[in-house]
>>> print(open('run-v1.cif').read())   # mmCIF, C-alpha atoms and all ligand atoms
data_protein
loop_
_atom_site.group_PDB
_atom_site.id
_atom_site.type_symbol
_atom_site.label_atom_id
_atom_site.label_comp_id
_atom_site.auth_asym_id
_atom_site.auth_seq_id
_atom_site.Cartn_x
_atom_site.Cartn_y
_atom_site.Cartn_z
ATOM 1 C CA MET I 94 -0.530 -81.932 -59.951
ATOM 2 C CA ALA I 95 -0.680 -79.307 -62.708
ATOM 3 C CA SER I 96 2.229 -76.864 -62.621
ATOM 4 C CA SER I 97 -0.216 -74.110 -63.719
ATOM 5 C CA LYS I 98 -1.606 -74.227 -60.155
ATOM 6 C CA ILE I 99 1.778 -73.382 -58.674
ATOM 7 C CA HIS I 100 2.701 -69.856 -57.686
ATOM 8 C CA ILE I 101 6.151 -68.610 -56.782
ATOM 9 C CA LYS I 102 6.775 -65.989 -54.106
ATOM 10 C CA THR I 103 9.636 -64.684 -52.028
ATOM 11 C CA ILE I 104 9.931 -66.276 -48.588
ATOM 12 C CA SER I 105 12.152 -65.984 -45.515
ATOM 13 C CA ALA I 106 15.376 -67.918 -45.082
ATOM 14 C CA GLU I 107 13.812 -69.889 -42.251
ATOM 15 C CA THR I 108 10.814 -70.943 -44.352
ATOM 16 C CA THR I 109 13.155 -72.617 -46.850
ATOM 17 C CA HIS I 110 14.086 -75.101 -44.110
ATOM 18 C CA ILE I 111 10.669 -76.783 -44.486
ATOM 19 C CA VAL I 112 11.872 -78.221 -47.795
ATOM 20 C CA ARG I 113 15.653 -77.953 -47.457
ATOM 21 C CA HIS I 114 15.644 -80.188 -44.395
ATOM 22 C CA PRO I 115 13.966 -83.358 -45.735
ATOM 23 C CA VAL I 116 15.356 -83.022 -49.266
ATOM 24 C CA LEU I 117 18.902 -81.689 -48.844
ATOM 25 C CA ARG I 118 19.767 -82.452 -45.197
ATOM 26 C CA PRO I 119 17.845 -85.648 -44.306
ATOM 27 C CA GLY I 120 18.828 -87.020 -40.907
ATOM 28 C CA MET I 121 20.841 -83.915 -40.095
ATOM 29 C CA THR I 122 20.085 -81.109 -37.650
ATOM 30 C CA ILE I 123 17.769 -78.257 -38.631
ATOM 31 C CA GLU I 124 20.756 -75.919 -38.141
ATOM 32 C CA SER I 125 22.480 -77.738 -40.997
ATOM 33 C CA CYS I 126 19.911 -76.071 -43.276
ATOM 34 C CA ILE I 127 21.399 -72.630 -42.621
ATOM 35 C CA LEU I 128 23.544 -71.564 -45.578
ATOM 36 C CA SER I 129 26.164 -68.865 -45.500
ATOM 37 C CA GLY I 130 24.654 -65.648 -46.893
ATOM 38 C CA ASP I 131 21.049 -66.664 -46.137
ATOM 39 C CA GLU I 132 20.384 -63.545 -44.074
ATOM 40 C CA LEU I 133 22.065 -61.001 -46.357
ATOM 41 C CA LYS I 134 19.749 -58.245 -47.620
ATOM 42 C CA SER I 135 20.765 -59.037 -51.194
ATOM 43 C CA THR I 136 19.777 -62.709 -50.891
ATOM 44 C CA ILE I 137 16.479 -63.794 -52.464
ATOM 45 C CA HIS I 138 14.615 -66.897 -51.290
ATOM 46 C CA LEU I 139 11.898 -68.271 -53.580
ATOM 47 C CA GLY I 140 9.154 -70.692 -52.615
ATOM 48 C CA ALA I 141 6.839 -72.631 -54.938
ATOM 49 C CA TYR I 142 3.367 -73.082 -53.472
ATOM 50 C CA ASP I 143 0.305 -75.113 -54.293
ATOM 51 C CA GLN I 144 -2.231 -73.051 -52.346
ATOM 52 C CA ASN I 145 -0.610 -72.944 -48.874
ATOM 53 C CA THR I 146 1.670 -75.943 -49.297
ATOM 54 C CA LEU I 147 5.328 -75.216 -49.899
ATOM 55 C CA LEU I 148 6.553 -77.640 -52.564
ATOM 56 C CA GLY I 149 9.951 -76.308 -53.518
ATOM 57 C CA VAL I 150 12.556 -73.691 -52.699
ATOM 58 C CA CYS I 151 15.657 -72.047 -54.086
ATOM 59 C CA THR I 152 17.940 -69.266 -52.957
ATOM 60 C CA ILE I 153 19.795 -66.702 -55.058
ATOM 61 C CA LEU I 154 22.966 -65.174 -53.671
ATOM 62 C CA ASP I 155 24.619 -62.045 -54.996
ATOM 63 C CA ASN I 156 28.027 -63.663 -54.901
ATOM 64 C CA PRO I 157 30.480 -61.684 -57.048
ATOM 65 C CA LYS I 158 33.544 -62.040 -54.873
ATOM 66 C CA ASP I 159 33.338 -65.597 -53.606
ATOM 67 C CA GLY I 160 32.243 -67.180 -56.844
ATOM 68 C CA PRO I 161 34.434 -68.326 -59.697
ATOM 69 C CA PHE I 162 33.235 -65.540 -62.013
ATOM 70 C CA THR I 163 34.396 -61.948 -62.278
ATOM 71 C CA VAL I 164 31.266 -60.490 -63.952
ATOM 72 C CA PRO I 165 28.222 -59.668 -61.770
ATOM 73 C CA ASN I 166 26.671 -63.059 -61.091
ATOM 74 C CA GLY I 167 24.049 -64.786 -59.025
ATOM 75 C CA GLN I 168 24.514 -68.173 -57.397
ATOM 76 C CA ILE I 169 21.693 -70.638 -56.821
ATOM 77 C CA ARG I 170 21.863 -72.516 -53.538
ATOM 78 C CA GLY I 171 19.462 -74.769 -51.669
ATOM 79 C CA MET I 172 17.493 -75.854 -54.750
ATOM 80 C CA ALA I 173 15.026 -78.490 -53.575
ATOM 81 C CA VAL I 174 11.601 -79.878 -54.437
ATOM 82 C CA ARG I 175 9.710 -82.192 -52.078
ATOM 83 C CA SER I 176 10.383 -85.781 -53.131
ATOM 84 C CA SER I 177 6.652 -86.519 -53.581
ATOM 85 C CA THR I 178 6.423 -83.619 -56.063
ATOM 86 C CA GLN I 179 9.611 -84.046 -58.103
ATOM 87 C CA ASN I 180 9.360 -84.360 -61.902
ATOM 88 C CA ASN I 181 6.197 -82.282 -62.048
ATOM 89 C CA GLY I 182 7.702 -79.045 -63.300
ATOM 90 C CA VAL I 183 8.163 -77.255 -59.952
ATOM 91 C CA GLY I 184 11.964 -77.064 -60.293
ATOM 92 C CA ARG I 185 11.576 -75.586 -63.784
ATOM 93 C CA LEU I 186 9.228 -72.863 -62.466
ATOM 94 C CA LEU I 187 11.673 -71.989 -59.677
ATOM 95 C CA ILE I 188 14.655 -71.717 -62.040
ATOM 96 C CA LYS I 189 12.680 -69.611 -64.533
ATOM 97 C CA GLU I 190 11.649 -67.195 -61.758
ATOM 98 C CA ALA I 191 15.238 -67.129 -60.432
ATOM 99 C CA GLU I 192 16.442 -66.149 -63.911
ATOM 100 C CA ILE I 193 13.911 -63.295 -64.078
ATOM 101 C CA GLN I 194 15.045 -62.027 -60.666
ATOM 102 C CA VAL I 195 18.729 -62.350 -61.562
ATOM 103 C CA LYS I 196 18.306 -60.446 -64.820
ATOM 104 C CA SER I 197 16.427 -57.671 -63.041
ATOM 105 C CA CYS I 198 19.362 -57.426 -60.596
ATOM 106 C CA GLY I 199 21.659 -56.881 -63.604
ATOM 107 C CA PHE I 200 23.629 -60.078 -63.059
ATOM 108 C CA HIS I 201 25.198 -61.412 -66.252
ATOM 109 C CA LEU I 202 25.026 -65.058 -65.345
ATOM 110 C CA LEU I 203 23.495 -67.535 -62.961
ATOM 111 C CA TRP I 204 25.511 -70.481 -61.684
ATOM 112 C CA MET I 205 25.466 -73.208 -59.084
ATOM 113 C CA ASN I 206 27.517 -75.975 -57.554
ATOM 114 C CA ALA I 207 25.259 -78.710 -58.889
ATOM 115 C CA ARG I 208 25.026 -82.142 -57.337
ATOM 116 C CA LYS I 209 25.980 -84.624 -60.032
ATOM 117 C CA GLY I 210 22.570 -86.295 -59.648
ATOM 118 C CA ALA I 211 20.827 -82.998 -60.423
ATOM 119 C CA SER I 212 23.080 -82.011 -63.326
ATOM 120 C CA GLY I 213 20.650 -83.517 -65.875
ATOM 121 C CA PHE I 214 17.964 -81.164 -64.577
ATOM 122 C CA TYR I 215 20.200 -78.117 -64.964
ATOM 123 C CA LEU I 216 21.309 -79.256 -68.443
ATOM 124 C CA LYS I 217 17.628 -79.343 -69.447
ATOM 125 C CA MET I 218 17.274 -75.801 -68.089
ATOM 126 C CA GLY I 219 20.082 -74.653 -70.401
ATOM 127 C CA TYR I 220 22.995 -74.682 -67.934
ATOM 128 C CA ARG I 221 26.431 -75.892 -69.010
ATOM 129 C CA ILE I 222 29.133 -77.642 -67.025
ATOM 130 C CA GLU I 223 32.199 -75.510 -66.308
ATOM 131 C CA GLY I 224 35.405 -77.385 -65.508
ATOM 132 C CA SER I 225 35.793 -80.768 -63.866
ATOM 133 C CA GLU I 226 33.766 -82.745 -61.376
ATOM 134 C CA PHE I 227 34.693 -82.050 -57.748
ATOM 135 C CA GLU I 228 33.843 -83.662 -54.433
ATOM 136 C CA VAL I 229 31.938 -81.928 -51.627
ATOM 137 C CA PRO I 230 32.420 -83.744 -48.301
ATOM 138 C CA ILE I 231 29.232 -85.568 -47.165
ATOM 139 C CA PHE I 232 27.300 -84.563 -50.314
ATOM 140 C CA GLY I 233 29.405 -86.206 -53.029
ATOM 141 C CA PRO I 234 30.320 -85.250 -56.597
ATOM 142 C CA HIS I 235 29.394 -81.824 -57.989
ATOM 143 C CA TYR I 236 29.883 -79.670 -61.060
ATOM 144 C CA VAL I 237 29.975 -75.909 -61.418
ATOM 145 C CA MET I 238 27.195 -75.172 -63.925
ATOM 146 C CA LYS I 239 26.352 -71.808 -65.462
ATOM 147 C CA LYS I 240 24.052 -69.986 -67.862
ATOM 148 C CA GLN I 241 24.729 -66.608 -69.439
ATOM 149 C CA LEU I 242 21.657 -64.399 -69.003
ATOM 150 C CA LEU I 243 22.757 -60.937 -70.127
HETATM 151 C C1 LIG B 301 16.711 -81.435 -59.014
HETATM 152 C C2 LIG B 301 15.305 -80.920 -58.649
HETATM 153 C C3 LIG B 301 15.428 -79.568 -57.967
HETATM 154 C C4 LIG B 301 14.497 -80.773 -59.943
HETATM 155 O O1 LIG B 301 13.193 -80.302 -59.641
HETATM 156 P P1 LIG B 301 11.916 -81.021 -60.292
HETATM 157 O O2 LIG B 301 10.720 -80.266 -59.895
HETATM 158 O O3 LIG B 301 11.958 -82.466 -59.929
HETATM 159 O O4 LIG B 301 12.235 -80.859 -61.837
HETATM 160 P P2 LIG B 301 11.190 -80.590 -63.041
HETATM 161 O O5 LIG B 301 10.042 -81.509 -62.885
HETATM 162 O O6 LIG B 301 10.896 -79.132 -63.150
HETATM 163 O O7 LIG B 301 12.079 -81.079 -64.268
HETATM 164 C C5 LIG B 301 12.359 -80.316 -65.436
HETATM 165 C C6 LIG B 301 13.009 -81.269 -66.427
HETATM 166 O O8 LIG B 301 14.221 -81.795 -65.880
HETATM 167 C C7 LIG B 301 14.155 -83.226 -65.779
HETATM 168 N N1 LIG B 301 14.814 -83.638 -64.529
HETATM 169 C C8 LIG B 301 14.402 -83.375 -63.280
HETATM 170 N N2 LIG B 301 15.291 -83.878 -62.397
HETATM 171 C C9 LIG B 301 16.263 -84.476 -63.137
HETATM 172 C C10 LIG B 301 17.460 -85.164 -62.794
HETATM 173 N N3 LIG B 301 17.840 -85.330 -61.501
HETATM 174 N N4 LIG B 301 18.233 -85.646 -63.814
HETATM 175 C C11 LIG B 301 17.870 -85.467 -65.117
HETATM 176 N N5 LIG B 301 16.745 -84.791 -65.490
HETATM 177 C C12 LIG B 301 15.958 -84.309 -64.504
HETATM 178 C C13 LIG B 301 12.684 -83.557 -65.806
HETATM 179 O O9 LIG B 301 12.460 -84.865 -66.280
HETATM 180 C C14 LIG B 301 12.133 -82.484 -66.752
HETATM 181 O O10 LIG B 301 12.445 -82.880 -68.059
HETATM 182 P P3 LIG B 301 11.425 -82.569 -69.314
HETATM 183 O O11 LIG B 301 11.510 -81.071 -69.532
HETATM 184 O O12 LIG B 301 12.000 -83.351 -70.432
HETATM 185 O O13 LIG B 301 10.080 -83.003 -68.864
HETATM 186 C C15 LIG B 301 14.551 -81.900 -57.713
HETATM 187 O O14 LIG B 301 14.419 -83.131 -58.354
HETATM 188 C C16 LIG B 301 15.218 -82.108 -56.362
HETATM 189 O O15 LIG B 301 14.909 -81.403 -55.414
HETATM 190 N N6 LIG B 301 16.103 -83.100 -56.276
HETATM 191 C C17 LIG B 301 16.743 -83.454 -54.988
HETATM 192 C C18 LIG B 301 17.603 -82.362 -54.420
HETATM 193 C C19 LIG B 301 18.671 -81.876 -55.381
HETATM 194 O O16 LIG B 301 19.416 -82.649 -55.959
HETATM 195 N N7 LIG B 301 18.728 -80.548 -55.512
HETATM 196 C C20 LIG B 301 19.702 -79.907 -56.359
HETATM 197 C C21 LIG B 301 20.932 -79.637 -55.568
HETATM 198 S S1 LIG B 301 22.201 -78.927 -56.586
#
>>> encode(input="run-v1.cif", output="structure tokens")
Amino acid sequence: MASSKIHIKTISAETTHIVRHPVLRPGMTIESCILSGDELKSTIHLGAYDQNTLLGVCTILDNPKDGPFTVPNGQIRGMAVRSSTQNNGVGRLLIKEAEIQVKSCGFHLLWMNARKGASGFYLKMGYRIEGSEFEVPIFGPHYVMKKQLL
């Protein structure tokens, strides 16, 4: 699969479940795919498509108060690429588009609670670990990771 064939567009919160469910919530209920803030007007959901097939998703939250940062910031949640498509550049395209969107919103930085297993991906995308590893029940070890954009 050539990543040049992939296009990114905004999608609904519900559409993200197509990829969130098998990749991030396997064996769990479809309701477990609902993330706090999904339905806020300020929330942006991105989908990566090969023609009509949704291959990957990510969500950007305008999260200035709940996040660990005091400057205007966006938080990535629900970052997921179908397992059959991983390591083909889809995640990179989603993050690059998220950064464009975040900059146009005037957010100074983009951050995420990164699963430890995905931290190598975010490091390659230029994100840096902030603070110590922490445990999220059910989902295991995480790091806060961030990238200054403005
Ligand atoms: C993490 C994830 C989103 C990355 O998406 P992807 O489409 O597989 O990543 P890409 O192909 O765009 O990878 C970009 C680069 O990161 C590297 N990379 C991808 N996943 C990696 C990982 N888990 N660890 C280390 N490096 C990784 C790739 O090898 C590639 O490196 P290169 O530039 O040297 O070629 C995807 O693998 C995924 O959905 N994983 C399972 C769910 C998950 O952990 N989501 C994140 C929750 S915080």
>>> closest_residue(input="run-v1.cif", among="I:Gln179, I:Ser225, I:Thr108, I:Ser197", to="ligand LIG 301 (chain B)", atoms="only C-alpha atoms and all ligand atoms")
I:Gln179
>>> residues_around(input="run-v1.cif", residues="I:Leu186", least_positions_apart="2", cutoff="10 Å", atoms="only C-alpha atoms", output="PyMOL selection string")
chain I and resi 96-97+99-101+141+149+181-184+188-192
>>> atom_distance(input="run-v1.cif", atom1="atom O4 of ligand LIG 301 (chain B)", atom2="atom CA of I:Ala173")
9.0 Å
>>> atom_distance(input="run-v1.cif", atom1="atom CA of I:Asp143", atom2="atom C10 of ligand LIG 301 (chain B)")
21.6 Å
>>> atom_distance(input="run-v1.cif", atom1="atom C10 of ligand LIG 301 (chain B)", atom2="atom CA of I:Met205")
14.9 Å
>>> closest_atom_pairs(input="run-v1.cif", of="chain I", to="ligand LIG 301 (chain B)", cutoff="10 Å", atoms="only C-alpha atoms and all ligand atoms", output="Markdown table")
| residue | atom | partner | partner_atom | distance |
| --- | --- | --- | --- | --- |
| I:Ser96 | CA | B:LIG301 | O6 | 9.0 |
| I:Val112 | CA | B:LIG301 | O15 | 8.8 |
| I:Arg113 | CA | B:LIG301 | C18 | 8.5 |
| I:Pro115 | CA | B:LIG301 | C18 | 9.5 |
| I:Val116 | CA | B:LIG301 | C18 | 5.7 |
| I:Leu117 | CA | B:LIG301 | C18 | 5.8 |
| I:Arg118 | CA | B:LIG301 | C18 | 9.5 |
| I:Ala141 | CA | B:LIG301 | O2 | 9.9 |
| I:Leu148 | CA | B:LIG301 | O2 | 8.8 |
| I:Gly149 | CA | B:LIG301 | O15 | 7.4 |
| I:Val150 | CA | B:LIG301 | C3 | 8.4 |
| I:Cys151 | CA | B:LIG301 | C3 | 8.5 |
| I:Ile169 | CA | B:LIG301 | S1 | 8.3 |
| I:Arg170 | CA | B:LIG301 | S1 | 7.1 |
| I:Gly171 | CA | B:LIG301 | C21 | 6.4 |
| I:Met172 | CA | B:LIG301 | C20 | 4.9 |
| I:Ala173 | CA | B:LIG301 | O15 | 3.4 |
| I:Val174 | CA | B:LIG301 | O15 | 3.8 |
| I:Arg175 | CA | B:LIG301 | O15 | 6.2 |
| I:Ser176 | CA | B:LIG301 | O15 | 6.7 |
| I:Ser177 | CA | B:LIG301 | O3 | 9.2 |
| I:Thr178 | CA | B:LIG301 | O2 | 6.7 |
| I:Gln179 | CA | B:LIG301 | O3 | 3.4 |
| I:Asn180 | CA | B:LIG301 | O5 | 3.1 |
| I:Asn181 | CA | B:LIG301 | O5 | 4.0 |
| I:Gly182 | CA | B:LIG301 | O6 | 3.2 |
| I:Val183 | CA | B:LIG301 | O2 | 4.0 |
| I:Gly184 | CA | B:LIG301 | O2 | 3.5 |
| I:Arg185 | CA | B:LIG301 | O6 | 3.7 |
| I:Leu186 | CA | B:LIG301 | O6 | 6.5 |
| I:Leu187 | CA | B:LIG301 | O6 | 8.0 |
| I:Ile188 | CA | B:LIG301 | O6 | 8.4 |
| I:Lys189 | CA | B:LIG301 | O6 | 9.8 |
| I:Met205 | CA | B:LIG301 | S1 | 7.0 |
| I:Asn206 | CA | B:LIG301 | S1 | 6.2 |
| I:Ala207 | CA | B:LIG301 | S1 | 3.8 |
| I:Arg208 | CA | B:LIG301 | S1 | 4.3 |
| I:Lys209 | CA | B:LIG301 | S1 | 7.7 |
| I:Gly210 | CA | B:LIG301 | N3 | 5.2 |
| I:Ala211 | CA | B:LIG301 | N3 | 3.9 |
| I:Ser212 | CA | B:LIG301 | N4 | 6.1 |
| I:Gly213 | CA | B:LIG301 | C11 | 3.5 |
| I:Phe214 | CA | B:LIG301 | C12 | 3.7 |
| I:Tyr215 | CA | B:LIG301 | O8 | 7.1 |
| I:Leu216 | CA | B:LIG301 | N5 | 7.8 |
| I:Lys217 | CA | B:LIG301 | O8 | 5.5 |
| I:Met218 | CA | B:LIG301 | O8 | 7.1 |
| I:Phe232 | CA | B:LIG301 | C21 | 9.6 |
| I:His235 | CA | B:LIG301 | S1 | 7.9 |
| I:Tyr236 | CA | B:LIG301 | S1 | 8.9 |
| I:Val237 | CA | B:LIG301 | S1 | 9.6 |
| I:Met238 | CA | B:LIG301 | S1 | 9.6 |
>>> axis_aligned_box(input="run-v1.cif", around="stretch 138-145 of chain I", padding_each_side="4 Å", output="lines of an AutoDock Vina configuration file")
center_x = 6.2
center_y = -71.0
center_z = -51.9
size_x = 24.8
size_y = 16.2
size_z = 14.1
>>> residues_near_point(input="run-v1.cif", point="(13.5, -65.9, -47.2)", cutoff="9 Å", atoms="all atoms listed in the file", output="JSON, numbers by chain")
{"I": [103, 104, 105, 106, 107, 108, 109, 131, 132, 136, 137, 138, 139, 140, 152]}
>>> closest_residue(input="run-v1.cif", among="I:Gly224, I:Gly120, I:Gly233, I:Pro165", to="I:Val195", atoms="only C-alpha atoms")
I:Pro165
>>> residues_around(input="run-v1.cif", residues="I:His110", least_positions_apart="6", cutoff="8 Å", atoms="only C-alpha atoms", output="list of chain:residue names")
I:Ile123, I:Cys126, I:Ile127
>>> write_last_selection(input="run-v1.cif", atoms="C-alpha atoms", output="PDB file, keeping the file's coordinate frame")
ATOM      1  CA  ILE I 123      17.769 -78.257 -38.631  1.00  0.00           C
ATOM      2  CA  CYS I 126      19.911 -76.071 -43.276  1.00  0.00           C
ATOM      3  CA  ILE I 127      21.399 -72.630 -42.621  1.00  0.00           C
TER       4      ILE I 127
END
>>> resolve_selection(input="run-v1.cif", expression="the PyMOL selection byres (((chain I and resi 240) around 8) and not hetatm)", output="JSON, numbers by chain")
{"I": [202, 203, 204, 219, 220, 221, 238, 239, 241, 242]}
>>> decode(input="run-v1.cif", residues="stretch 180-195 of chain I", atoms="N, CA and C atoms", output="tab-separated table (two decimals), in the first residue's frame")
chain	number	residue	atom	x	y	z
I	180	ASN	N	2.64	0.33	10.12
I	180	ASN	CA	3.99	0.43	9.56
I	180	ASN	C	4.01	0.70	8.07
I	181	ASN	N	2.97	1.35	7.59
I	181	ASN	CA	2.92	1.76	6.18
I	181	ASN	C	2.79	3.26	6.01
I	182	GLY	N	2.99	4.00	7.08
I	182	GLY	CA	3.00	5.46	6.97
I	182	GLY	C	1.67	6.14	7.25
I	183	VAL	N	0.63	5.36	7.58
I	183	VAL	CA	-0.69	5.98	7.83
I	183	VAL	C	-0.68	6.81	9.11
I	184	GLY	N	-0.06	6.27	10.17
I	184	GLY	CA	0.03	7.02	11.43
I	184	GLY	C	0.76	8.34	11.24
I	185	ARG	N	1.84	8.31	10.46
I	185	ARG	CA	2.60	9.55	10.18
I	185	ARG	C	1.70	10.60	9.50
I	186	LEU	N	0.92	10.15	8.50
I	186	LEU	CA	0.04	11.10	7.79
I	186	LEU	C	-0.99	11.70	8.74
I	187	LEU	N	-1.53	10.87	9.64
I	187	LEU	CA	-2.53	11.37	10.59
I	187	LEU	C	-1.93	12.40	11.54
I	188	ILE	N	-0.73	12.12	12.06
I	188	ILE	CA	-0.09	13.06	12.99
I	188	ILE	C	0.25	14.36	12.28
I	189	LYS	N	0.75	14.26	11.05
I	189	LYS	CA	1.11	15.48	10.31
I	189	LYS	C	-0.13	16.35	10.09
I	190	GLU	N	-1.25	15.72	9.72
I	190	GLU	CA	-2.49	16.49	9.52
I	190	GLU	C	-2.98	17.06	10.86
I	191	ALA	N	-2.86	16.28	11.93
I	191	ALA	CA	-3.26	16.78	13.26
I	191	ALA	C	-2.45	18.02	13.61
I	192	GLU	N	-1.16	18.01	13.31
I	192	GLU	CA	-0.31	19.16	13.63
I	192	GLU	C	-0.73	20.40	12.83
I	193	ILE	N	-1.11	20.19	11.57
I	193	ILE	CA	-1.59	21.33	10.75
I	193	ILE	C	-2.86	21.92	11.38
I	194	GLN	N	-3.78	21.03	11.75
I	194	GLN	CA	-5.05	21.48	12.34
I	194	GLN	C	-4.81	22.21	13.66
I	195	VAL	N	-3.91	21.67	14.48
I	195	VAL	CA	-3.63	22.23	15.80
I	195	VAL	C	-3.00	23.62	15.66
